[in-house]
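J.: File follows, query.cif with mmCIF, C-alpha atoms:
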```
data_run
loop_
_atom_site.label_atom_id
_atom_site.label_comp_id
_atom_site.auth_asym_id
_atom_site.auth_seq_id
_atom_site.Cartn_x
_atom_site.Cartn_y
_atom_site.Cartn_z
CA MET A 1 42.12 -25.86 1.55
CA PHE A 2 41.00 -27.23 -1.78
CA ASP A 3 37.84 -28.62 -0.24
CA PHE A 4 37.13 -25.28 1.31
CA TRP A 5 37.13 -23.57 -2.08
CA LYS A 6 35.05 -26.23 -3.70
CA LYS A 7 32.37 -25.86 -1.08
CA ARG A 8 32.35 -22.08 -1.13
CA ARG A 9 31.68 -21.99 -4.78
CA SER A 10 29.01 -24.61 -5.32
CA ALA A 11 26.10 -22.22 -4.75
CA SER A 12 27.44 -19.79 -7.32
CA VAL A 13 28.06 -22.64 -9.74
CA ALA A 14 24.43 -23.58 -9.23
CA LYS A 15 23.33 -20.03 -9.96
CA ASP A 16 25.26 -19.88 -13.22
CA ARG A 17 24.08 -23.27 -14.41
CA LEU A 18 20.50 -22.50 -13.52
CA SER A 19 20.51 -19.13 -15.24
CA ILE A 20 21.69 -20.71 -18.48
CA ALA A 21 19.36 -23.71 -18.28
CA ILE A 22 16.33 -21.55 -17.55
CA MET A 23 17.20 -19.08 -20.28
CA SER A 24 17.32 -21.88 -22.80
CA ASP A 25 14.12 -23.47 -21.39
CA ARG A 26 12.31 -20.18 -21.87
CA GLY A 27 13.74 -19.60 -25.33
CA GLY A 28 13.01 -23.13 -26.46
CA ASN A 29 9.46 -22.56 -25.42
CA GLN A 30 8.64 -21.52 -28.97
CA THR A 31 5.89 -19.23 -27.92
CA TYR A 32 5.10 -15.62 -27.34
CA PRO A 33 2.24 -14.64 -25.08
CA PHE A 34 0.50 -13.00 -28.06
CA ILE A 35 0.84 -15.98 -30.36
CA ASN A 36 -2.82 -17.06 -30.34
CA ASN A 37 -4.10 -13.58 -31.13
CA LEU A 38 -1.54 -13.22 -33.86
CA LYS A 39 -2.67 -16.49 -35.41
CA LYS A 40 -6.30 -15.45 -35.31
CA GLU A 41 -5.69 -12.08 -36.89
CA ILE A 42 -3.51 -13.44 -39.67
CA VAL A 43 -6.09 -16.09 -40.51
CA GLU A 44 -8.77 -13.40 -40.64
CA VAL A 45 -6.74 -11.27 -43.01
CA VAL A 46 -5.76 -14.08 -45.37
CA ARG A 47 -9.32 -15.44 -45.41
CA LYS A 48 -10.46 -12.23 -47.09
CA TYR A 49 -8.55 -13.37 -50.14
CA VAL A 50 -8.29 -17.13 -50.07
CA GLY A 51 -9.47 -20.15 -48.10
CA VAL A 52 -7.28 -21.10 -45.14
CA ARG A 53 -6.82 -24.61 -43.82
CA GLY A 54 -4.45 -23.88 -40.99
CA ILE A 55 -1.61 -21.79 -39.65
CA GLU A 56 1.67 -22.46 -37.93
CA ILE A 57 3.82 -19.87 -36.23
CA LYS A 58 7.31 -20.63 -35.00
CA LYS A 59 9.74 -18.64 -33.00
CA GLU A 60 13.22 -19.08 -34.39
CA ILE A 61 16.45 -18.09 -32.77
CA ASP A 62 19.72 -18.07 -34.67
CA GLY A 63 22.64 -16.47 -32.92
CA ASN A 64 21.66 -12.87 -32.32
CA PHE A 65 18.62 -12.96 -34.54
CA GLU A 66 15.15 -13.80 -33.45
CA ALA A 67 12.49 -14.35 -36.09
CA ILE A 68 8.87 -15.35 -36.39
CA SER A 69 8.22 -17.79 -39.18
CA ILE A 70 4.61 -17.99 -40.31
CA ASP A 71 3.17 -20.75 -42.48
CA VAL A 72 -0.38 -20.42 -43.70
CA PHE A 73 -1.87 -23.55 -45.24
CA LEU A 74 -4.47 -22.96 -47.93
CA GLU A 75 -7.55 -24.90 -48.90
CA LYS A 76 -6.86 -27.45 -51.60
CA ASP A 77 -9.79 -26.74 -53.88
CA ARG A 78 -9.53 -23.00 -53.82
CA HIS A 79 -10.75 -20.97 -56.78
CA ILE A 80 -8.48 -18.12 -57.65
CA MET B 1 -16.22 -13.27 -3.00
CA GLY B 2 -13.10 -14.92 -1.73
CA ILE B 3 -9.67 -15.18 -3.26
CA VAL B 4 -8.43 -18.41 -4.86
CA ILE B 5 -4.77 -19.26 -4.39
CA ALA B 6 -3.18 -22.19 -6.23
CA VAL B 7 -0.10 -23.65 -4.58
CA ILE B 8 2.21 -25.08 -7.23
CA SER B 9 5.80 -26.29 -7.51
CA GLY B 10 6.67 -28.02 -10.77
CA LYS B 11 8.83 -30.62 -9.06
CA GLY B 12 7.29 -32.93 -6.49
CA GLY B 13 8.47 -33.44 -2.94
CA VAL B 14 9.37 -29.84 -2.19
CA GLY B 15 6.80 -29.44 0.59
CA LYS B 16 3.80 -28.18 -1.37
CA THR B 17 1.17 -30.12 0.53
CA THR B 18 2.78 -29.22 3.85
CA ALA B 19 2.66 -25.57 2.79
CA VAL B 20 -1.03 -25.82 1.87
CA ALA B 21 -1.94 -27.41 5.20
CA ASN B 22 0.00 -24.86 7.23
CA LEU B 23 -1.06 -21.80 5.27
CA GLY B 24 -4.69 -22.91 5.33
CA LEU B 25 -4.58 -23.38 9.08
CA GLY B 26 -2.57 -20.18 9.49
CA VAL B 27 -5.10 -18.14 7.52
CA ALA B 28 -7.90 -19.71 9.60
CA MET B 29 -6.00 -18.80 12.79
CA ASN B 30 -6.10 -15.20 11.54
CA GLY B 31 -9.87 -15.39 11.75
CA LYS B 32 -10.57 -15.88 8.04
CA ARG B 33 -12.89 -18.53 6.67
CA CYS B 34 -10.65 -20.77 4.60
CA ALA B 35 -11.04 -23.89 2.48
CA VAL B 36 -8.11 -26.08 1.47
CA VAL B 37 -8.71 -28.32 -1.52
CA ASP B 38 -6.64 -31.31 -2.61
CA PHE B 39 -6.47 -31.25 -6.41
CA ASP B 40 -4.02 -34.11 -6.61
CA ILE B 41 -6.54 -36.64 -7.92
CA GLY B 42 -5.32 -40.20 -7.47
CA GLN B 43 -2.70 -39.23 -4.91
CA ARG B 44 -4.60 -37.93 -1.93
CA ASN B 45 -2.21 -36.59 0.72
CA LEU B 46 -3.46 -33.40 2.27
CA ASP B 47 -5.89 -35.41 4.42
CA MET B 48 -2.96 -37.13 6.15
CA ILE B 49 -1.06 -33.89 6.79
CA LEU B 50 -4.19 -32.35 8.30
CA GLY B 51 -4.96 -35.48 10.32
CA LEU B 52 -8.38 -35.84 8.70
CA GLU B 53 -7.93 -39.04 6.69
CA ASN B 54 -10.52 -40.91 8.75
CA ARG B 55 -13.20 -38.32 8.18
CA VAL B 56 -13.27 -38.34 4.40
CA VAL B 57 -16.66 -39.46 3.12
CA TYR B 58 -17.08 -37.60 -0.17
CA ASP B 59 -14.35 -36.30 -2.42
CA ILE B 60 -13.83 -33.53 -4.96
CA VAL B 61 -14.78 -35.63 -8.00
CA GLN B 62 -18.05 -36.69 -6.39
CA VAL B 63 -18.86 -33.04 -5.77
CA MET B 64 -18.01 -32.10 -9.35
CA ASP B 65 -20.14 -34.95 -10.67
CA GLY B 66 -23.08 -33.97 -8.48
CA GLU B 67 -22.98 -37.17 -6.40
CA ALA B 68 -22.52 -35.09 -3.26
CA THR B 69 -23.01 -31.44 -2.38
CA LEU B 70 -20.05 -29.27 -1.48
CA LYS B 71 -21.45 -28.89 2.00
CA GLN B 72 -21.57 -32.66 2.49
CA ALA B 73 -18.03 -33.12 1.27
CA LEU B 74 -16.31 -30.35 3.23
CA ILE B 75 -14.63 -31.62 6.37
CA LYS B 76 -14.20 -29.41 9.41
CA SER B 77 -10.73 -29.12 10.88
CA LYS B 78 -10.23 -30.61 14.34
CA VAL B 79 -8.22 -27.63 15.52
CA ASN B 80 -9.85 -24.58 13.94
CA ASP B 81 -13.48 -23.84 13.17
CA ASN B 82 -12.63 -21.51 10.30
CA LEU B 83 -10.90 -24.22 8.30
CA ARG B 84 -12.60 -26.70 5.96
CA PHE B 85 -11.01 -29.36 3.81
CA LEU B 86 -12.08 -30.99 0.54
CA ALA B 87 -10.35 -34.29 -0.25
CA ALA B 88 -9.02 -35.51 -3.58
CA SER B 89 -10.35 -38.73 -5.03
CA GLN B 90 -8.11 -41.66 -4.38
CA SER B 91 -9.62 -44.12 -6.83
CA LYS B 92 -10.08 -41.91 -9.86
CA ASP B 93 -7.67 -40.67 -12.47
CA LYS B 94 -6.83 -36.99 -12.86
CA ARG B 95 -8.16 -37.11 -16.40
CA VAL B 96 -11.69 -36.94 -14.97
CA LEU B 97 -11.26 -33.20 -14.41
CA ASN B 98 -12.52 -30.77 -16.99
CA SER B 99 -12.53 -26.99 -17.11
CA LYS B 100 -16.28 -26.53 -16.79
CA LYS B 101 -16.58 -28.69 -13.68
CA VAL B 102 -13.54 -27.10 -12.08
CA GLN B 103 -14.82 -23.61 -12.77
CA LYS B 104 -18.19 -24.38 -11.20
CA LEU B 105 -16.58 -25.86 -8.09
CA VAL B 106 -14.12 -22.99 -7.68
CA LYS B 107 -16.97 -20.49 -8.03
CA GLU B 108 -19.00 -22.18 -5.32
CA LEU B 109 -15.98 -22.28 -3.00
CA LYS B 110 -15.28 -18.59 -3.62
CA GLU B 111 -18.82 -17.70 -2.66
CA ASN B 112 -18.51 -19.49 0.67
CA PHE B 113 -14.97 -18.75 1.81
CA GLU B 114 -12.68 -15.75 2.11
CA TYR B 115 -9.67 -17.84 1.14
CA VAL B 116 -9.62 -20.91 -1.06
CA ILE B 117 -6.25 -22.66 -1.24
CA LEU B 118 -5.75 -25.32 -3.92
CA ASP B 119 -3.07 -27.99 -3.57
CA SER B 120 -1.86 -28.67 -7.11
CA PRO B 121 -0.46 -31.99 -8.26
CA ALA B 122 3.26 -31.98 -9.06
CA GLY B 123 4.32 -31.82 -12.67
CA ILE B 124 2.87 -29.64 -15.40
CA GLU B 125 0.22 -31.96 -16.81
CA SER B 126 -3.55 -31.52 -17.05
CA GLY B 127 -4.18 -31.81 -13.31
CA PHE B 128 -1.82 -28.92 -12.73
CA GLU B 129 -3.40 -26.86 -15.48
CA HIS B 130 -6.86 -27.30 -14.01
CA THR B 131 -5.63 -26.16 -10.61
CA ILE B 132 -4.25 -22.89 -11.92
CA GLU B 133 -6.93 -22.19 -14.50
CA PHE B 134 -9.29 -20.22 -12.29
CA ALA B 135 -6.92 -19.07 -9.56
CA ASP B 136 -6.53 -15.39 -8.69
CA ALA B 137 -3.05 -15.90 -7.31
CA ALA B 138 -0.40 -18.58 -7.18
CA ILE B 139 2.13 -19.48 -4.56
CA ILE B 140 5.15 -21.26 -5.98
CA VAL B 141 7.05 -23.47 -3.54
CA VAL B 142 10.71 -24.20 -4.25
CA ASN B 143 13.66 -25.71 -2.45
CA PRO B 144 17.03 -23.95 -2.81
CA GLU B 145 18.18 -26.57 -5.25
CA VAL B 146 18.64 -26.55 -9.05
CA SER B 147 16.02 -29.05 -10.24
CA SER B 148 13.28 -27.57 -8.08
CA ILE B 149 13.98 -24.04 -9.30
CA ARG B 150 14.16 -25.04 -12.94
CA ASP B 151 10.88 -26.96 -12.76
CA ALA B 152 9.26 -24.06 -10.94
CA ASP B 153 10.19 -21.76 -13.81
CA ARG B 154 8.48 -24.10 -16.26
CA ALA B 155 5.38 -24.20 -14.08
CA ILE B 156 5.34 -20.38 -13.91
CA GLY B 157 5.56 -20.26 -17.71
CA ILE B 158 2.49 -22.47 -18.02
CA LEU B 159 0.69 -20.49 -15.34
CA ASP B 160 1.27 -17.36 -17.41
CA SER B 161 -0.17 -18.92 -20.55
CA LYS B 162 -3.03 -21.07 -19.25
CA SER B 163 -4.57 -18.97 -16.53
CA GLN B 164 -8.06 -17.64 -17.24
CA LYS B 165 -7.12 -14.29 -15.73
CA VAL B 166 -4.22 -13.91 -18.14
CA LYS B 167 -6.38 -14.94 -21.08
CA GLU B 168 -8.79 -12.19 -20.14
CA GLY B 169 -5.93 -9.71 -20.23
CA GLY B 170 -5.31 -9.63 -16.49
CA GLU B 171 -2.48 -10.97 -14.40
CA VAL B 172 -2.17 -13.73 -11.83
CA ALA B 173 -0.37 -12.57 -8.71
CA LYS B 174 2.65 -14.80 -8.11
CA TYR B 175 4.44 -15.32 -4.83
CA LEU B 176 7.41 -17.46 -3.96
CA ILE B 177 8.03 -19.56 -0.88
CA ILE B 178 11.54 -20.86 -0.48
CA ASN B 179 11.24 -23.97 1.63
CA ARG B 180 13.82 -26.11 3.44
CA ILE B 181 16.55 -23.50 3.73
CA VAL B 182 19.58 -24.71 5.67
CA PRO B 183 21.08 -21.47 7.06
CA GLU B 184 24.49 -22.97 7.73
CA MET B 185 24.78 -24.15 4.12
CA VAL B 186 23.74 -20.77 2.74
CA GLN B 187 26.35 -19.15 4.95
CA SER B 188 29.09 -21.46 3.74
CA GLY B 189 28.11 -20.93 0.11
CA GLU B 190 26.89 -24.47 -0.44
CA MET B 191 23.27 -23.50 -0.90
CA LEU B 192 21.67 -20.89 -3.15
CA LYS B 193 20.78 -17.63 -1.42
CA SER B 194 17.19 -16.36 -1.56
CA ASP B 195 18.31 -13.30 -3.50
CA ASP B 196 19.86 -15.49 -6.18
CA ILE B 197 16.68 -17.54 -6.50
CA LEU B 198 14.60 -14.38 -6.77
CA ASP B 199 16.95 -13.04 -9.44
CA ILE B 200 16.52 -16.17 -11.50
CA LEU B 201 12.76 -16.62 -11.14
CA ASN B 202 11.94 -12.92 -11.06
CA ILE B 203 8.87 -13.10 -8.81
CA LYS B 204 7.90 -11.69 -5.43
CA LEU B 205 8.93 -13.43 -2.23
CA VAL B 206 6.25 -14.16 0.36
CA GLY B 207 8.33 -16.18 2.77
CA LYS B 208 11.36 -18.29 3.61
CA VAL B 209 10.98 -21.50 5.54
CA PRO B 210 14.01 -23.07 7.21
CA GLU B 211 14.62 -26.81 7.19
CA ASP B 212 13.03 -28.30 10.28
CA SER B 213 13.07 -31.94 11.29
CA GLY B 214 9.84 -31.29 13.19
CA VAL B 215 7.95 -31.25 9.88
CA ILE B 216 8.19 -35.03 9.57
CA ASP B 217 7.14 -35.47 13.16
CA ALA B 218 4.18 -33.18 12.50
CA SER B 219 3.09 -35.14 9.44
CA ASN B 220 3.50 -38.41 11.36
CA GLN B 221 0.92 -37.13 13.79
CA GLY B 222 -1.30 -35.29 11.36
CA LYS B 223 -0.79 -32.01 13.22
CA PRO B 224 0.48 -29.20 11.01
CA ILE B 225 3.79 -27.74 12.22
CA ILE B 226 2.27 -24.26 12.58
CA LEU B 227 0.69 -25.51 15.82
CA ASP B 228 4.16 -26.03 17.31
CA LYS B 229 5.17 -22.69 18.84
CA HIS B 230 8.82 -23.69 19.07
CA SER B 231 9.26 -24.82 15.50
CA VAL B 232 11.20 -22.52 13.16
CA ALA B 233 9.25 -23.77 10.14
CA GLY B 234 5.97 -23.36 12.01
CA GLN B 235 6.85 -19.76 12.87
CA ALA B 236 7.78 -19.11 9.26
CA TYR B 237 4.38 -20.39 8.07
CA LYS B 238 2.71 -18.24 10.69
CA ARG B 239 4.39 -15.16 9.24
CA ILE B 240 3.47 -16.13 5.67
CA ALA B 241 -0.17 -16.76 6.62
CA ALA B 242 -0.34 -13.34 8.29
CA ARG B 243 1.10 -11.75 5.14
CA LEU B 244 -1.55 -13.49 3.06
CA CYS B 245 -4.12 -11.92 5.36
CA GLY B 246 -2.76 -8.49 4.55
CA LYS B 247 -0.63 -7.96 7.65
CA LYS B 248 2.69 -6.22 7.22
CA ILE B 249 5.36 -8.47 8.65
CA ASP B 250 9.05 -7.96 8.03
CA MET B 251 10.83 -10.67 6.12
CA LYS B 252 12.83 -12.51 8.73
CA ASP B 253 16.24 -13.41 7.49
CA VAL B 254 16.25 -17.08 8.29
CA GLU B 255 19.47 -17.46 6.37
CA VAL B 256 21.67 -15.76 8.94
CA ALA B 257 22.82 -17.78 11.84
CA ASP B 258 20.82 -16.67 14.80
CA SER B 259 19.90 -20.24 14.13
CA GLY B 260 23.00 -22.04 15.45
CA LEU B 261 23.38 -21.48 19.16
CA PHE B 262 19.99 -19.93 19.71
CA ARG B 263 18.15 -22.82 18.18
CA LYS B 264 20.16 -25.34 20.13
CA LEU B 265 19.36 -23.49 23.33
CA ALA B 266 15.69 -23.29 22.46
CA GLY B 267 15.78 -27.01 21.80
CA ILE B 268 16.79 -27.73 25.38
CA PHE B 269 13.61 -26.17 26.71
CA ARG B 270 11.20 -28.06 24.50
#
```
Let me see the structure of the file written as structure tokens.

T.:
Amino acid sequence: MFDFWKKRRSASVAKDRLSIAIMSDRGGNQTYPFINNLKKEIVEVVRKYVGVRGIEIKKEIDGNFEAISIDVFLEKDRHI
Amino acid sequence: MGIVIAVISGKGGVGKTTAVANLGLGVAMNGKRCAVVDFDIGQRNLDMILGLENRVVYDIVQVMDGEATLKQALIKSKVNDNLRFLAASQSKDKRVLNSKKVQKLVKELKENFEYVILDSPAGIESGFEHTIEFADAAIIVVNPEVSSIRDADRAIGILDSKSQKVKEGGEVAKYLIINRIVPEMVQSGEMLKSDDILDILNIKLVGKVPEDSGVIDASNQGKPIILDKHSVAGQAYKRIAARLCGKKIDMKDVEVADSGLFRKLAGIFR
């Protein structure tokens, strides 16, 4: 009887485990499909004002909040 | 201009190469000119499944490097005139591929065939990325098993970000094949149902292939299982190939047990 139950449920256990694993795989992916365009546009905008060396965009998830953190690295010998 | 379909899986050993061989032959049996291409550089396998390993003279890397023409390198199938095969290199490393060369080759194939089916290497490394880069559609092969499904999801994620079509603002058509279904296990709740897998991966189903011991026998002989009229897997590939050719064929529910007694009876008459 016990064996019977164990067997019946293994496919649904698999479904639950997979759903969670895949959700976290996708979330941990750190990217949005638009991330490259976003980078390009931000660099363009900032460059109007100051020299840009690089940019880093991270997707951050904390509990219920999802945020985009953007770091723009500036040229060292900039003249402002 | 033909259509380019990349067959991918994420995890290895799920039956990707078998699917490529059978779908290629199936499409050819539907009267379409079809080329199957082994992109698994360094681990050539499709030649064995097709029974053409003795006929390989030139390989894909030699064509890309201009050491042979595509025409010289394409091998004609023994069983169907519409099917041609391009072998992977066995000696080289998959790092020899680059986007420009791949694009040129894929373009030439598209101009000469109605269907071009690419057998991707397992994993999600550069070889995989080159296979999907210029594809119009992808077929994802999974087994009803957790690691295969999880890896497939990762591969789909990369497909969505690296494909040229997506970069140009379009979309790659994605279709799922669930391979090696054991109906009895699905019935008893020991194996994931197709619907559950579709829920998780969220892509369109193009076919379900039941587990079939004949597949090993077929690969032993180098005769794709689709040629075996009595094989359940062969019949499943036949239906999928017809769907790829635009025919409307109902999804057969291979998960319910018309399998049990009926299959045993059919086995007697083989």

J.: With the file shown as input, list the residues that the PyMOL selection byres ((chain B) within 12 of (chain A)) selects, as a PyMOL selection string.

T.: chain B and resi 144-163+166-167+169+184-202

J.: Go ahead and save the picked residues with C-alpha atoms, as a compact mmCIF listing (two decimals), in the coordinates of the input.

T.:
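Saved result, part.txt, follows:
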```txt
# COMPACT_ATOMS: atom_id res chain seq x y z
CA PRO B 144 17.03 -23.95 -2.81
CA GLU B 145 18.18 -26.57 -5.25
CA VAL B 146 18.64 -26.55 -9.05
CA SER B 147 16.02 -29.05 -10.24
CA SER B 148 13.28 -27.57 -8.08
CA ILE B 149 13.98 -24.04 -9.30
CA ARG B 150 14.16 -25.04 -12.94
CA ASP B 151 10.88 -26.96 -12.76
CA ALA B 152 9.26 -24.06 -10.94
CA ASP B 153 10.19 -21.76 -13.81
CA ARG B 154 8.48 -24.10 -16.26
CA ALA B 155 5.38 -24.20 -14.08
CA ILE B 156 5.34 -20.38 -13.91
CA GLY B 157 5.56 -20.26 -17.71
CA ILE B 158 2.49 -22.47 -18.02
CA LEU B 159 0.69 -20.49 -15.34
CA ASP B 160 1.27 -17.36 -17.41
CA SER B 161 -0.17 -18.92 -20.55
CA LYS B 162 -3.03 -21.07 -19.25
CA SER B 163 -4.57 -18.97 -16.53
CA VAL B 166 -4.22 -13.91 -18.14
CA LYS B 167 -6.38 -14.94 -21.08
CA GLY B 169 -5.93 -9.71 -20.23
CA GLU B 184 24.49 -22.97 7.73
CA MET B 185 24.78 -24.15 4.12
CA VAL B 186 23.74 -20.77 2.74
CA GLN B 187 26.35 -19.15 4.95
CA SER B 188 29.09 -21.46 3.74
CA GLY B 189 28.11 -20.93 0.11
CA GLU B 190 26.89 -24.47 -0.44
CA MET B 191 23.27 -23.50 -0.90
CA LEU B 192 21.67 -20.89 -3.15
CA LYS B 193 20.78 -17.63 -1.42
CA SER B 194 17.19 -16.36 -1.56
CA ASP B 195 18.31 -13.30 -3.50
CA ASP B 196 19.86 -15.49 -6.18
CA ILE B 197 16.68 -17.54 -6.50
CA LEU B 198 14.60 -14.38 -6.77
CA ASP B 199 16.95 -13.04 -9.44
CA ILE B 200 16.52 -16.17 -11.50
CA LEU B 201 12.76 -16.62 -11.14
CA ASN B 202 11.94 -12.92 -11.06
```

J.: Interatomic distance between atom CA of B:Phe85 and atom CA of B:Ala35?

T.: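 Computed distance, atom CA of B:Phe85 to atom CA of B:Ala35, equals 5.6 Å.
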
J.: Going by the chain IDs and residue numbers used in this file, which residues fall under the PyMOL selection byres ((chain A and resi 42) around 12)? Write them as number ranges by chain.

T.: A: 35-41, 43-49, 52, 54-57, 70-73

J.: Using atom CA of B:Ala173 and atom CA of B:Glu255 as the two end points, give the distance in Å to one decimal.

T.: 25.4 Å

J.: On this structure, the PyMOL selection byres ((chain B and resi 92) around 12) would catch which residues? List them as a PyMOL selection string, sorted by chain and number.

T.: chain B and resi 39-44+59-62+88-91+93-97

J.: Quick check, in Å to one decimal: how far apart do atom CA of B:Gly2 and atom CA of B:Val56 lie?

T.: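 These two atoms are separated by 24.2 Å.
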
J.: Restricting the calculation to only C-alpha atoms: of B:Gly15, B:Pro121, B:Gly222, B:Gly10, which residue gets closest to B:Glu53?

T.: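 Comparing B:Gly15, B:Pro121, B:Gly222, B:Gly10 against B:Glu53, the winner is B:Gly222.
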
J.: Please provide as a short mmCIF file (atom, residue, chain, number, x, y, z; two decimals) with C-alpha atoms, in the coordinates of the input all residues within 8 Å of stretch 22-30 of chain B, with the sequence filter that same-chain residues fewer than 5 positions apart are discarded (counting only C-alpha atoms).

T.:
```
data_model
loop_
_atom_site.label_atom_id
_atom_site.label_comp_id
_atom_site.auth_asym_id
_atom_site.auth_seq_id
_atom_site.Cartn_x
_atom_site.Cartn_y
_atom_site.Cartn_z
CA ALA B 35 -11.04 -23.89 2.48
CA VAL B 36 -8.11 -26.08 1.47
CA ASN B 80 -9.85 -24.58 13.94
CA ASP B 81 -13.48 -23.84 13.17
CA ASN B 82 -12.63 -21.51 10.30
CA LEU B 83 -10.90 -24.22 8.30
CA TYR B 115 -9.67 -17.84 1.14
CA ILE B 117 -6.25 -22.66 -1.24
CA PRO B 224 0.48 -29.20 11.01
CA ILE B 225 3.79 -27.74 12.22
CA ILE B 226 2.27 -24.26 12.58
CA GLY B 234 5.97 -23.36 12.01
CA TYR B 237 4.38 -20.39 8.07
CA LYS B 238 2.71 -18.24 10.69
CA ILE B 240 3.47 -16.13 5.67
CA ALA B 241 -0.17 -16.76 6.62
CA ALA B 242 -0.34 -13.34 8.29
CA LEU B 244 -1.55 -13.49 3.06
CA CYS B 245 -4.12 -11.92 5.36
#
```

J.: Could you check which residues have any atom within 9 Å of (-11.9, -23.3, -50.9), counting only C-alpha atoms with coordinates taken straight from the file, and then list them as number ranges by chain?

T.: A: 50-53, 74-79
